[in-house]
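Chemist: TSV, C-alpha atoms and all ligand atoms, file my_file.tsv:
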```
chain	number	residue	atom	x	y	z
A	24	MET	CA	-152.36	-42.00	48.77
A	25	THR	CA	-148.70	-42.42	47.88
A	26	LEU	CA	-147.67	-45.73	46.30
A	27	LEU	CA	-144.12	-47.00	46.65
A	28	VAL	CA	-142.70	-49.12	43.84
A	29	THR	CA	-139.48	-50.81	44.95
A	30	GLY	CA	-137.53	-51.98	41.92
A	31	GLY	CA	-139.14	-49.11	39.98
A	32	THR	CA	-136.01	-48.62	37.89
A	33	GLY	CA	-136.12	-52.25	36.68
A	34	PHE	CA	-137.64	-53.94	33.66
A	35	LEU	CA	-141.04	-54.66	35.19
A	36	GLY	CA	-140.99	-51.78	37.69
A	37	ALA	CA	-140.48	-49.03	35.11
A	38	THR	CA	-143.47	-50.25	33.09
A	39	LEU	CA	-145.57	-50.55	36.24
A	40	VAL	CA	-144.69	-46.98	37.27
A	41	ARG	CA	-145.69	-45.69	33.83
A	42	ARG	CA	-148.98	-47.60	33.86
A	43	LEU	CA	-149.81	-46.34	37.39
A	44	LEU	CA	-149.11	-42.74	36.40
A	45	GLN	CA	-151.00	-43.10	33.11
A	46	ALA	CA	-154.04	-44.37	35.00
A	47	GLY	CA	-153.92	-41.38	37.36
A	48	ASP	CA	-152.92	-43.53	40.38
A	49	GLY	CA	-150.43	-42.26	42.87
A	50	PRO	CA	-148.40	-40.17	43.65
A	51	VAL	CA	-145.88	-42.91	42.80
A	52	ARG	CA	-142.55	-43.05	44.67
A	53	VAL	CA	-139.51	-44.78	43.18
A	54	LEU	CA	-136.26	-45.49	45.03
A	55	LEU	CA	-133.08	-44.29	43.39
A	56	ARG	CA	-130.03	-45.90	44.97
A	57	PRO	CA	-126.57	-44.46	44.43
A	58	GLY	CA	-125.66	-45.97	41.07
A	59	SER	CA	-129.24	-46.91	40.09
A	60	ASP	CA	-129.64	-46.96	36.34
A	61	ALA	CA	-132.78	-44.91	35.69
A	62	ARG	CA	-132.71	-45.21	31.89
A	63	LEU	CA	-135.58	-47.73	31.71
A	64	LEU	CA	-137.68	-45.54	34.01
A	65	ASP	CA	-136.88	-42.40	32.00
A	66	ALA	CA	-137.71	-44.16	28.73
A	67	ALA	CA	-140.94	-45.63	30.11
A	68	CYS	CA	-142.15	-42.25	31.38
A	69	ALA	CA	-140.95	-40.22	28.39
A	70	GLY	CA	-144.38	-39.94	26.75
A	71	LEU	CA	-146.31	-38.94	29.88
A	72	SER	CA	-147.99	-35.56	30.13
A	73	ALA	CA	-146.49	-33.00	32.54
A	74	ASP	CA	-149.33	-33.37	35.05
A	75	ARG	CA	-148.93	-37.18	35.15
A	76	LEU	CA	-145.15	-36.87	35.42
A	77	ALA	CA	-145.52	-34.44	38.32
A	78	ARG	CA	-146.95	-37.35	40.34
A	79	LEU	CA	-143.68	-39.29	40.08
A	80	GLU	CA	-141.48	-38.93	43.19
A	81	ARG	CA	-137.86	-39.91	42.63
A	82	HIS	CA	-136.71	-40.74	46.14
A	83	PRO	CA	-132.94	-40.95	46.65
A	84	GLY	CA	-132.61	-43.85	49.08
A	85	THR	CA	-132.09	-47.56	49.60
A	86	LEU	CA	-133.49	-50.50	51.52
A	87	ASP	CA	-130.10	-51.11	53.13
A	88	SER	CA	-131.41	-50.50	56.65
A	89	VAL	CA	-134.72	-50.25	58.51
A	90	ALA	CA	-134.16	-46.49	58.85
A	91	ASP	CA	-133.70	-46.13	55.07
A	92	ALA	CA	-136.84	-48.17	54.48
A	93	MET	CA	-138.77	-46.02	56.97
A	94	ALA	CA	-137.77	-42.88	55.08
A	95	ALA	CA	-138.99	-44.43	51.81
A	96	LEU	CA	-142.31	-45.41	53.42
A	97	GLN	CA	-143.35	-41.97	54.73
A	98	GLY	CA	-147.02	-41.46	53.79
A	99	VAL	CA	-147.18	-44.68	51.74
A	100	VAL	CA	-150.45	-46.66	51.68
A	101	LEU	CA	-149.44	-49.44	49.31
A	102	VAL	CA	-146.12	-50.98	48.29
A	103	HIS	CA	-145.50	-52.82	45.05
A	104	HIS	CA	-142.43	-54.75	46.22
A	105	LEU	CA	-140.44	-55.65	43.10
A	106	ALA	CA	-136.86	-54.98	44.23
A	107	SER	CA	-134.81	-58.13	43.94
A	108	ALA	CA	-131.29	-59.07	42.95
A	109	MET	CA	-131.80	-61.47	40.08
A	110	ARG	CA	-128.17	-62.11	39.21
A	111	GLY	CA	-124.71	-62.06	40.78
A	112	SER	CA	-123.19	-64.35	43.39
A	113	PRO	CA	-125.53	-66.27	45.73
A	114	ALA	CA	-124.53	-63.81	48.48
A	115	ASP	CA	-125.55	-60.85	46.28
A	116	VAL	CA	-128.84	-62.53	45.39
A	117	PHE	CA	-129.69	-63.26	49.04
A	118	ARG	CA	-128.62	-59.79	50.21
A	119	GLY	CA	-130.44	-57.95	47.41
A	120	THR	CA	-133.64	-59.96	47.86
A	121	LEU	CA	-133.84	-61.00	51.51
A	122	ALA	CA	-131.98	-58.35	53.52
A	123	THR	CA	-133.85	-55.60	51.64
A	124	SER	CA	-137.19	-57.35	52.25
A	125	ARG	CA	-136.42	-57.79	55.96
A	126	HIS	CA	-135.67	-54.06	56.33
A	127	LEU	CA	-138.81	-53.12	54.42
A	128	LEU	CA	-140.97	-55.47	56.49
A	129	ASP	CA	-139.55	-54.30	59.83
A	130	ALA	CA	-140.10	-50.68	58.82
A	131	MET	CA	-143.67	-51.39	57.72
A	132	LEU	CA	-144.55	-53.32	60.87
A	133	ALA	CA	-143.27	-50.42	62.98
A	134	MET	CA	-145.82	-48.10	61.37
A	135	PRO	CA	-149.14	-47.50	63.17
A	136	GLU	CA	-150.95	-48.50	59.95
A	137	PRO	CA	-148.66	-50.63	57.81
A	138	PRO	CA	-149.21	-50.21	54.07
A	139	ARG	CA	-150.59	-53.10	52.00
A	140	VAL	CA	-148.15	-55.05	49.87
A	141	VAL	CA	-148.30	-56.52	46.38
A	142	LEU	CA	-145.25	-58.80	46.29
A	143	ALA	CA	-143.48	-59.92	43.13
A	144	GLY	CA	-142.99	-63.65	43.67
A	145	SER	CA	-141.73	-66.22	41.22
A	146	PHE	CA	-142.55	-69.59	39.63
A	147	GLY	CA	-139.28	-70.74	41.22
A	148	VAL	CA	-141.15	-71.21	44.53
A	149	TYR	CA	-143.04	-74.27	43.25
A	150	GLY	CA	-141.71	-77.73	44.06
A	151	THR	CA	-141.76	-79.20	40.58
A	152	ALA	CA	-138.92	-81.77	40.68
A	153	ALA	CA	-141.20	-84.69	41.62
A	154	LEU	CA	-144.09	-83.72	39.30
A	155	PRO	CA	-144.65	-86.04	36.33
A	156	PRO	CA	-143.93	-84.59	32.88
A	157	GLY	CA	-146.98	-82.78	31.54
A	158	ALA	CA	-148.39	-81.88	34.98
A	159	GLN	CA	-150.04	-78.50	35.47
A	160	VAL	CA	-148.13	-76.03	37.65
A	161	ASP	CA	-150.40	-73.50	39.31
A	162	GLU	CA	-151.27	-71.95	42.67
A	163	THR	CA	-152.31	-75.39	44.02
A	164	THR	CA	-148.82	-76.86	43.39
A	165	PRO	CA	-146.98	-77.44	46.69
A	166	LEU	CA	-144.11	-75.07	47.41
A	167	GLU	CA	-140.50	-76.22	47.08
A	168	THR	CA	-139.32	-78.24	50.07
A	169	SER	CA	-135.63	-78.45	49.09
A	170	PRO	CA	-134.82	-74.90	47.96
A	171	ALA	CA	-131.10	-75.31	48.65
A	172	ARG	CA	-131.03	-77.88	45.83
A	173	ARG	CA	-132.29	-75.27	43.38
A	174	ASP	CA	-130.56	-72.07	42.22
A	175	ALA	CA	-129.90	-69.17	44.61
A	176	TYR	CA	-132.54	-66.97	42.97
A	177	SER	CA	-135.40	-69.50	43.39
A	178	HIS	CA	-134.24	-70.16	46.95
A	179	ALA	CA	-134.21	-66.43	47.79
A	180	LYS	CA	-137.65	-65.85	46.23
A	181	LEU	CA	-139.12	-68.72	48.29
A	182	GLU	CA	-137.65	-67.33	51.52
A	183	GLN	CA	-138.81	-63.83	50.59
A	184	GLU	CA	-142.38	-65.03	50.08
A	185	ARG	CA	-142.24	-66.97	53.38
A	186	MET	CA	-141.08	-63.83	55.19
A	187	PHE	CA	-144.05	-61.82	53.91
A	188	ARG	CA	-146.52	-64.67	54.55
A	189	ASP	CA	-145.26	-64.88	58.11
A	190	ALA	CA	-145.90	-61.13	58.58
A	191	GLN	CA	-149.38	-61.57	57.08
A	192	LEU	CA	-150.24	-64.43	59.44
A	193	ARG	CA	-148.68	-63.03	62.61
A	194	HIS	CA	-149.28	-59.31	62.19
A	195	GLY	CA	-152.19	-59.14	59.75
A	196	LEU	CA	-150.12	-57.44	57.04
A	197	GLY	CA	-152.28	-56.95	53.93
A	198	LEU	CA	-150.56	-59.09	51.29
A	199	VAL	CA	-151.16	-60.25	47.73
A	200	VAL	CA	-148.50	-62.32	45.98
A	201	LEU	CA	-148.18	-62.28	42.21
A	202	ARG	CA	-145.97	-64.94	40.67
A	203	PRO	CA	-145.04	-63.97	37.12
A	204	GLY	CA	-143.79	-66.57	34.67
A	205	VAL	CA	-141.12	-65.43	32.22
A	206	ILE	CA	-141.55	-61.70	31.56
A	207	HIS	CA	-140.71	-60.51	28.04
A	208	GLY	CA	-140.86	-57.24	26.15
A	209	PRO	CA	-138.92	-55.21	23.58
A	210	THR	CA	-136.18	-54.38	26.11
A	211	ARG	CA	-135.88	-58.00	27.29
A	212	ARG	CA	-136.12	-60.48	24.47
A	213	ALA	CA	-133.17	-62.75	25.22
A	214	PRO	CA	-134.39	-66.28	26.02
A	215	SER	CA	-134.65	-67.13	29.72
A	216	ASN	CA	-132.76	-70.07	31.16
A	217	ARG	CA	-135.98	-72.11	30.87
A	218	VAL	CA	-135.29	-72.01	27.11
A	219	GLY	CA	-131.60	-72.81	27.49
A	220	MET	CA	-128.11	-71.38	27.77
A	221	GLY	CA	-126.35	-69.02	25.38
A	222	PRO	CA	-125.72	-67.67	22.90
A	223	LYS	CA	-122.07	-67.58	23.93
A	224	ALA	CA	-119.46	-68.18	21.26
A	225	ARG	CA	-122.38	-68.15	18.80
A	226	LEU	CA	-123.80	-71.35	20.32
A	227	PHE	CA	-127.12	-71.80	22.13
A	228	PHE	CA	-127.92	-74.97	24.09
A	229	LEU	CA	-131.66	-75.51	23.75
A	230	LEU	CA	-132.61	-77.26	27.01
A	231	GLY	CA	-136.36	-76.57	27.02
A	232	GLY	CA	-137.14	-78.23	23.64
A	233	ASP	CA	-140.87	-78.28	23.05
A	234	ASN	CA	-141.75	-77.47	26.68
A	235	PRO	CA	-144.42	-74.76	27.02
A	236	LEU	CA	-142.90	-71.44	28.17
A	237	PRO	CA	-144.90	-69.54	30.83
A	238	LEU	CA	-144.64	-66.14	29.16
A	239	THR	CA	-146.15	-62.88	30.29
A	240	HIS	CA	-145.59	-59.64	28.40
A	241	VAL	CA	-144.23	-56.83	30.55
A	242	GLU	CA	-147.32	-54.65	29.87
A	243	ASN	CA	-149.66	-57.50	30.87
A	244	CYS	CA	-147.61	-58.31	33.94
A	245	ALA	CA	-147.43	-54.67	35.08
A	246	GLU	CA	-151.17	-54.32	34.60
A	247	ALA	CA	-151.65	-57.46	36.72
A	248	PHE	CA	-149.95	-55.63	39.61
A	249	ARG	CA	-152.27	-52.63	39.21
A	250	PHE	CA	-155.23	-54.98	39.04
A	251	ALA	CA	-154.17	-56.97	42.11
A	252	ALA	CA	-153.77	-53.77	44.12
A	253	ALA	CA	-157.39	-52.91	43.36
A	254	HIS	CA	-159.02	-56.36	43.41
A	255	GLY	CA	-156.80	-58.64	45.53
A	256	ARG	CA	-158.15	-59.91	48.84
A	257	PHE	CA	-154.91	-59.02	50.70
A	258	ASP	CA	-155.24	-62.11	52.88
A	259	GLY	CA	-152.09	-63.69	51.46
A	260	ASP	CA	-153.84	-64.71	48.23
A	261	ALA	CA	-151.45	-65.69	45.43
A	262	TYR	CA	-151.86	-65.54	41.66
A	263	ASP	CA	-149.74	-66.80	38.78
A	264	VAL	CA	-149.27	-64.26	36.02
A	265	VAL	CA	-149.11	-66.03	32.66
A	266	ASP	CA	-150.48	-65.02	29.28
A	267	GLU	CA	-152.83	-67.43	27.55
A	268	ALA	CA	-151.77	-69.69	24.67
A	269	PRO	CA	-148.14	-70.34	25.66
A	270	ILE	CA	-145.63	-71.04	22.93
A	271	THR	CA	-142.84	-73.59	23.21
A	272	CYS	CA	-139.24	-72.86	24.15
A	273	ARG	CA	-138.19	-73.88	20.63
A	274	ASP	CA	-140.69	-71.48	19.06
A	275	TYR	CA	-139.56	-68.60	21.29
A	276	LEU	CA	-135.93	-69.24	20.35
A	277	ARG	CA	-136.84	-69.33	16.63
A	278	ARG	CA	-138.42	-65.86	16.94
A	279	TYR	CA	-135.45	-64.56	18.92
A	280	ARG	CA	-133.02	-65.85	16.32
A	281	ARG	CA	-134.78	-63.83	13.63
A	282	VAL	CA	-134.02	-60.57	15.47
A	283	GLY	CA	-131.13	-61.67	17.69
A	284	GLY	CA	-128.65	-62.58	15.00
A	285	GLY	CA	-126.92	-65.68	13.78
A	286	PHE	CA	-125.92	-68.38	16.25
A	287	LEU	CA	-126.03	-72.14	16.16
A	288	VAL	CA	-128.67	-73.97	18.17
A	289	LEU	CA	-127.70	-77.24	19.80
A	290	PRO	CA	-130.82	-79.06	21.05
A	291	VAL	CA	-130.07	-81.09	24.18
A	292	PRO	CA	-132.57	-83.96	24.64
A	293	ARG	CA	-133.78	-84.56	28.21
A	294	PRO	CA	-132.01	-87.91	28.71
A	295	LEU	CA	-128.72	-86.30	27.69
A	296	LEU	CA	-129.36	-83.33	30.01
A	297	MET	CA	-130.00	-85.71	32.93
A	298	LEU	CA	-126.82	-87.65	32.13
A	299	ALA	CA	-124.77	-84.44	31.89
A	300	SER	CA	-126.29	-83.28	35.21
A	301	SER	CA	-125.23	-86.51	36.98
A	302	LEU	CA	-121.77	-86.22	35.49
A	303	ASN	CA	-121.47	-82.56	36.52
A	304	GLU	CA	-122.45	-83.44	40.09
A	305	ARG	CA	-119.92	-86.29	40.26
A	306	LEU	CA	-117.05	-84.26	38.77
A	307	HIS	CA	-117.87	-81.32	41.04
A	308	ARG	CA	-117.56	-83.66	44.02
A	309	LEU	CA	-114.38	-85.35	42.78
A	310	SER	CA	-112.73	-82.00	42.03
A	311	ARG	CA	-113.68	-80.80	45.55
A	312	GLY	CA	-115.67	-77.92	44.08
A	313	ARG	CA	-113.08	-76.72	41.56
A	314	LEU	CA	-115.36	-77.70	38.65
A	315	PRO	CA	-118.41	-75.41	38.89
A	316	LEU	CA	-121.79	-77.01	39.49
A	317	LEU	CA	-123.85	-75.70	36.57
A	318	PHE	CA	-126.39	-78.52	36.43
A	319	THR	CA	-127.73	-80.86	39.07
A	320	ARG	CA	-130.32	-83.57	38.46
A	321	TYR	CA	-132.66	-81.83	40.89
A	322	ARG	CA	-132.38	-78.48	39.13
A	323	SER	CA	-132.83	-80.11	35.72
A	324	LEU	CA	-135.87	-82.05	36.91
A	325	SER	CA	-137.34	-78.82	38.30
A	326	THR	CA	-136.67	-76.51	35.37
A	327	TRP	CA	-136.38	-78.41	32.08
A	328	LYS	CA	-139.45	-80.61	31.95
A	329	PRO	CA	-142.71	-80.25	30.01
A	330	GLN	CA	-145.22	-78.54	32.32
A	331	ARG	CA	-148.49	-76.73	31.75
A	332	TYR	CA	-149.36	-73.32	33.17
A	333	SER	CA	-152.64	-71.54	33.69
A	334	GLY	CA	-153.01	-67.96	34.98
A	335	GLU	CA	-156.71	-68.81	35.35
A	336	ARG	CA	-157.06	-67.76	38.99
A	337	LEU	CA	-156.20	-64.15	38.18
A	338	ARG	CA	-158.46	-64.14	35.12
A	339	ALA	CA	-161.29	-65.59	37.27
A	340	LEU	CA	-160.88	-62.52	39.50
A	341	GLY	CA	-161.64	-60.40	36.42
A	342	PHE	CA	-158.15	-59.62	35.13
A	343	ARG	CA	-158.01	-58.92	31.39
A	344	PRO	CA	-154.48	-58.36	30.04
A	345	PRO	CA	-154.13	-55.35	27.73
A	346	LEU	CA	-152.27	-57.34	25.02
A	347	ASP	CA	-153.42	-60.65	23.59
A	348	PRO	CA	-150.71	-63.32	23.15
A	349	ALA	CA	-150.18	-62.57	19.44
A	350	GLN	CA	-149.89	-58.80	20.03
A	351	ALA	CA	-147.55	-59.47	22.96
A	352	LEU	CA	-145.11	-61.56	20.90
A	353	ALA	CA	-145.31	-59.14	17.98
A	354	ASP	CA	-144.45	-56.25	20.31
A	355	THR	CA	-141.44	-58.06	21.77
A	356	PHE	CA	-140.02	-59.12	18.45
A	357	THR	CA	-140.86	-56.18	16.18
A	358	ALA	CA	-140.72	-53.08	18.42
A	359	LEU	CA	-137.34	-51.37	18.67
A	360	PRO	CA	-135.59	-52.16	21.98
B	401	LIG	N1	-138.00	-60.81	34.86
B	401	LIG	C1	-138.70	-61.93	35.02
B	401	LIG	O1	-138.85	-62.74	34.09
B	401	LIG	C2	-139.33	-62.22	36.37
B	401	LIG	C3	-140.09	-63.39	36.50
B	401	LIG	C4	-140.70	-63.65	37.73
B	401	LIG	C5	-140.57	-62.77	38.78
B	401	LIG	N2	-139.83	-61.64	38.61
B	401	LIG	C6	-139.72	-60.72	39.76
B	401	LIG	O2	-140.15	-59.44	39.35
B	401	LIG	C7	-139.40	-58.44	40.02
B	401	LIG	C8	-138.82	-57.46	39.01
B	401	LIG	O3	-138.03	-58.17	38.06
B	401	LIG	P1	-137.26	-57.39	36.90
B	401	LIG	O4	-137.06	-58.35	35.80
B	401	LIG	O5	-137.92	-56.09	36.64
B	401	LIG	O6	-135.84	-57.13	37.62
B	401	LIG	P2	-134.69	-56.10	37.23
B	401	LIG	O7	-134.90	-55.51	35.89
B	401	LIG	O8	-133.40	-56.82	37.48
B	401	LIG	O9	-134.86	-54.95	38.31
B	401	LIG	C9	-134.53	-55.18	39.64
B	401	LIG	C10	-134.90	-53.96	40.46
B	401	LIG	O10	-134.58	-54.25	41.82
B	401	LIG	C11	-133.80	-53.19	42.34
B	401	LIG	N3	-132.83	-53.71	43.31
B	401	LIG	C12	-131.91	-54.68	43.13
B	401	LIG	N4	-131.18	-54.83	44.24
B	401	LIG	C13	-131.65	-53.91	45.13
B	401	LIG	C14	-131.28	-53.56	46.46
B	401	LIG	N5	-130.29	-54.18	47.09
B	401	LIG	N6	-131.98	-52.56	47.06
B	401	LIG	C15	-132.97	-51.92	46.43
B	401	LIG	N7	-133.35	-52.21	45.16
B	401	LIG	C16	-132.70	-53.19	44.53
B	401	LIG	C17	-133.07	-52.60	41.14
B	401	LIG	O11	-132.74	-51.26	41.47
B	401	LIG	P3	-131.39	-50.52	41.00
B	401	LIG	O12	-131.72	-49.88	39.68
B	401	LIG	O13	-131.16	-49.55	42.09
B	401	LIG	O14	-130.33	-51.59	40.88
B	401	LIG	C18	-134.13	-52.70	40.06
B	401	LIG	O15	-134.99	-51.60	40.13
B	401	LIG	C19	-138.36	-59.16	40.86
B	401	LIG	O16	-138.83	-59.28	42.16
B	401	LIG	C20	-138.29	-60.54	40.23
B	401	LIG	O17	-137.91	-61.52	41.16
B	401	LIG	C21	-139.20	-61.33	37.43
```
Would you mind giving the structure from this file in structure tokens?
Modeler:
Amino acid sequence: MTLLVTGGTGFLGATLVRRLLQAGDGPVRVLLRPGSDARLLDAACAGLSADRLARLERHPGTLDSVADAMAALQGVVLVHHLASAMRGSPADVFRGTLATSRHLLDAMLAMPEPPRVVLAGSFGVYGTAALPPGAQVDETTPLETSPARRDAYSHAKLEQERMFRDAQLRHGLGLVVLRPGVIHGPTRRAPSNRVGMGPKARLFFLLGGDNPLPLTHVENCAEAFRFAAAHGRFDGDAYDVVDEAPITCRDYLRRYRRVGGGFLVLPVPRPLLMLASSLNERLHRLSRGRLPLLFTRYRSLSTWKPQRYSGERLRALGFRPPLDPAQALADTFTALP
């Protein structure tokens, strides 16, 4: 009953691997690419007993081809697919998220009994630009229809989810999609771009103001993956992963500043952000692309707007996160990274 965790060396993946092993699930296989940084995985698994640790398979390999993916899938009954390139050039993001997923899917569909998949999706797949301020964003929100007008990461995550949904519909692949909000924990406290940009040159541009932040602590999020593997319907059902009682972007930044050192915060009101976005678009056009396009009106309307989040569908299925919201924030901002 081997489980494969792609992205098992990453922030979320390392915690998921530890929780799976702790619970006695597995054996658990993790891909180690040439140059993978296994420090998070090593740290996460450091406290495990020898018999639990013996169930961790470190598999030297990649998802760079269907053959590589096939080798990683030998004997696997369930895949937690977390591998994704979250930063770098758009080409890197598309290659690291979509090409890898294509290889994995083709390898799975070539198996006589393809394993089930729990896919790490993203809130970036929702089409939020046209929603009125204050609207609730949840699993009933329509998916983005103009992904090319968003950032490369959101675009890639939407295409990745489509690819897996297509395999579920056409080939009956067992699929559950989990869409985490902003994952935080002691090793990743820095504010996400939903909060704003910085702190570079000791300056942070607060773009999210008093917007609610869809946080999920890394332990809660990892446990949601374990839970979905056991209780999901595997018919393409999708669940947002968000902790209850969200705090605002401003509040998150205040907590981060207490541990993250001294920098100046420059709050950017929404009307000013929209004006700057229009100006950025115009200057980008006039300079024939020499001025980088950091903000567009569409991206600003999608990302920096007050929205409400729920996580209720997963809780209705019976999911109970291990940390309550107060414990989760305390862990992120008081535990040593
Ligand atoms: N962090 C968040 O707030 C957040 C929110 C919503 C959704 N998610 C999703 O959750 C998942 C995990 O996120 P994370 O924050 O844990 O990411 P992360 O820390 O950046 O880890 C990314 C993982 O993907 C692997 N990976 C990257 N490119 C790869 C490639 N070409 N082939 C094989 N593996 C590759 C990395 O392996 P190496 O060590 O070999 O590079 C690493 O294990 C992602 O799918 C992400 O989209 C994250």
Chemist: At a cut-off of 10 Å from (-147.5, -57.6, 24.3) in the coordinates of the file, what residues are picked up using all atoms listed in the file, written as a short mmCIF file (atom, residue, chain, number, x, y, z; two decimals) with C-alpha atoms, in the frame of the given file?
Modeler:
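Generated output (part_19.cif):
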```cif
data_model
loop_
_atom_site.label_atom_id
_atom_site.label_comp_id
_atom_site.auth_asym_id
_atom_site.auth_seq_id
_atom_site.Cartn_x
_atom_site.Cartn_y
_atom_site.Cartn_z
CA HIS A 207 -140.71 -60.51 28.04
CA GLY A 208 -140.86 -57.24 26.15
CA PRO A 209 -138.92 -55.21 23.58
CA THR A 239 -146.15 -62.88 30.29
CA HIS A 240 -145.59 -59.64 28.40
CA VAL A 241 -144.23 -56.83 30.55
CA GLU A 242 -147.32 -54.65 29.87
CA ASN A 243 -149.66 -57.50 30.87
CA CYS A 244 -147.61 -58.31 33.94
CA ASP A 266 -150.48 -65.02 29.28
CA PRO A 344 -154.48 -58.36 30.04
CA PRO A 345 -154.13 -55.35 27.73
CA LEU A 346 -152.27 -57.34 25.02
CA ASP A 347 -153.42 -60.65 23.59
CA PRO A 348 -150.71 -63.32 23.15
CA ALA A 349 -150.18 -62.57 19.44
CA GLN A 350 -149.89 -58.80 20.03
CA ALA A 351 -147.55 -59.47 22.96
CA LEU A 352 -145.11 -61.56 20.90
CA ALA A 353 -145.31 -59.14 17.98
CA ASP A 354 -144.45 -56.25 20.31
CA THR A 355 -141.44 -58.06 21.77
CA PHE A 356 -140.02 -59.12 18.45
#
```
Chemist: Would you mind listing the residues within 6 Å of ligand LIG 401 (chain B), counting only C-alpha atoms and all ligand atoms, as a list in words?
Modeler: Gly30, Gly31, Thr32, Gly33, Phe34, Leu35, Gly36, Leu55, Arg56, Ser59, Asp60, Thr85, Leu86, Leu105, Ala106, Ser107, Ala108, Met109, Gly119, Thr123, Ala143, Gly144, Ser145, Pro203, Gly204, Val205 and Ile206 of chain A
Chemist: Between A:Thr164, A:Ser72, A:Tyr279, A:Glu335, single out the one closest to Pro222 of chain A, counting all atoms listed in the file.
Modeler: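 When distances to Pro222 of chain A are compared using all atoms listed in the file, the smallest one comes from A:Tyr279.
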Chemist: Go through A:Arg336, A:Arg125, A:Arg172, A:Arg273 one by one, measure the shortest atom-to-atom distance of each to Arg202 of chain A using only C-alpha atoms, and give the residue with the smallest value.
Modeler: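 So, comparing all the options, the nearest one is A:Arg336.
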Chemist: Please list as a ChimeraX atom specification every residue within 9 Å of Ala152 of chain A, counting all atoms listed in the file and excluding residues in the same chain fewer than 5 positions away.
Modeler: /A:167,321-326,328
Chemist: Could those residues be written to a file, using C-alpha atoms, as a tab-separated table (two decimals), keeping the file's coordinate frame?
Modeler:
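The file below, selection.tsv, is the result:
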```tsv
chain	number	residue	atom	x	y	z
A	167	GLU	CA	-140.50	-76.22	47.08
A	321	TYR	CA	-132.66	-81.83	40.89
A	322	ARG	CA	-132.38	-78.48	39.13
A	323	SER	CA	-132.83	-80.11	35.72
A	324	LEU	CA	-135.87	-82.05	36.91
A	325	SER	CA	-137.34	-78.82	38.30
A	326	THR	CA	-136.67	-76.51	35.37
A	328	LYS	CA	-139.45	-80.61	31.95
```
Chemist: Padding 3 Å on each side, edges along x, y and z: where is the centre of the box around the listed atoms of segment 276-294 of chain A, and how long are its edges in Å to one decimal? Output it as AutoDock Vina command-line options.
Modeler:
```
--center_x -132.2 --center_y -74.2 --center_z 21.2 --size_x 18.5 --size_y 33.3 --size_z 21.1
```
Chemist: Please determine, counting all atoms listed in the file, which residue among A:Val89, A:Leu317, A:Met297, A:Leu306 has the shortest atom-to-atom distance to Ala133 of chain A.
Modeler: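 Answer, going by the shortest atom-to-atom distance: A:Val89.
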Chemist: Please determine, counting only C-alpha atoms, which residue among A:Phe228, A:Phe146, A:Phe117, A:Phe257 has the shortest atom-to-atom distance to Leu192 of chain A.
Modeler: A:Phe257
Chemist: Skipping near chain neighbours, those fewer than 2 positions away, what residues fall within 10 Å of Val40 of chain A using all atoms listed in the file, listed as a list in words?
Modeler: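 Result of the neighbour search: Leu26, Leu27, Val28, Gly30, Gly31, Thr32, Leu35, Gly36, Ala37, Thr38, Arg42, Leu43, Leu44, Gln45, Ala46, Asp48, Gly49, Val51, Arg52, Val53, Leu64, Ala67, Cys68, Leu79, His103, Ala245 and Arg249 of chain A.
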Chemist: Which polymer residues have any atom within 12 Å of an atom of His307 of chain A, counting all atoms listed in the file, with same-chain residues fewer than 5 positions away left out, as a PDB file with C-alpha atoms, in the coordinates of the input?
Modeler:
```pdb
ATOM      1  CA  ALA A 299    -124.770 -84.440  31.890  1.00  0.00           C
ATOM      2  CA  SER A 300    -126.290 -83.280  35.210  1.00  0.00           C
ATOM      3  CA  SER A 301    -125.230 -86.510  36.980  1.00  0.00           C
ATOM      4  CA  LEU A 302    -121.770 -86.220  35.490  1.00  0.00           C
ATOM      5  CA  GLY A 312    -115.670 -77.920  44.080  1.00  0.00           C
ATOM      6  CA  ARG A 313    -113.080 -76.720  41.560  1.00  0.00           C
ATOM      7  CA  LEU A 314    -115.360 -77.700  38.650  1.00  0.00           C
ATOM      8  CA  PRO A 315    -118.410 -75.410  38.890  1.00  0.00           C
ATOM      9  CA  LEU A 316    -121.790 -77.010  39.490  1.00  0.00           C
ATOM     10  CA  LEU A 317    -123.850 -75.700  36.570  1.00  0.00           C
ATOM     11  CA  PHE A 318    -126.390 -78.520  36.430  1.00  0.00           C
ATOM     12  CA  THR A 319    -127.730 -80.860  39.070  1.00  0.00           C
TER      13      THR A 319
END
```
Chemist: Distance atom CA of Arg139 of chain A-atom CA of Leu337 of chain A, one decimal place?
Modeler: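 Atom-to-atom, atom CA of Arg139 of chain A and atom CA of Leu337 of chain A are spaced 18.6 Å apart.
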Chemist: Just give me the gap between atom CA of Asp115 of chain A and atom CA of Ala175 of chain A in Å, one decimal is fine.
Modeler: 9.5 Å
Chemist: Kindly indicate which residue among A:Val218, A:Leu287, A:Leu181, A:Leu309 lies nearest to Tyr275 of chain A, using all atoms listed in the file for the distances.
Modeler: A:Val218
Chemist: As an exercise, work out the distance from atom CA of Arg211 of chain A to atom CA of Ala114 of chain A in Å and give it to one decimal place.
Modeler: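 Computed distance, atom CA of Arg211 of chain A to atom CA of Ala114 of chain A, equals 24.7 Å.
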Chemist: Can you tell me which residues surround Ala122 of chain A at a distance of at most 9 Å, considering only C-alpha atoms, apart from same-chain residues fewer than 4 positions away, and format the answer as a PyMOL selection string?
Modeler: chain A and resi 86-88+117-118+126-127
Chemist: My list of candidates is A:Met134, A:Val99, A:Ala224, A:Leu142. Which is closest to Glu80 of chain A when distances are computed with all atoms listed in the file?
Modeler: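 Of A:Met134, A:Val99, A:Ala224, A:Leu142, the one nearest Glu80 of chain A is A:Val99, counting all atoms listed in the file.
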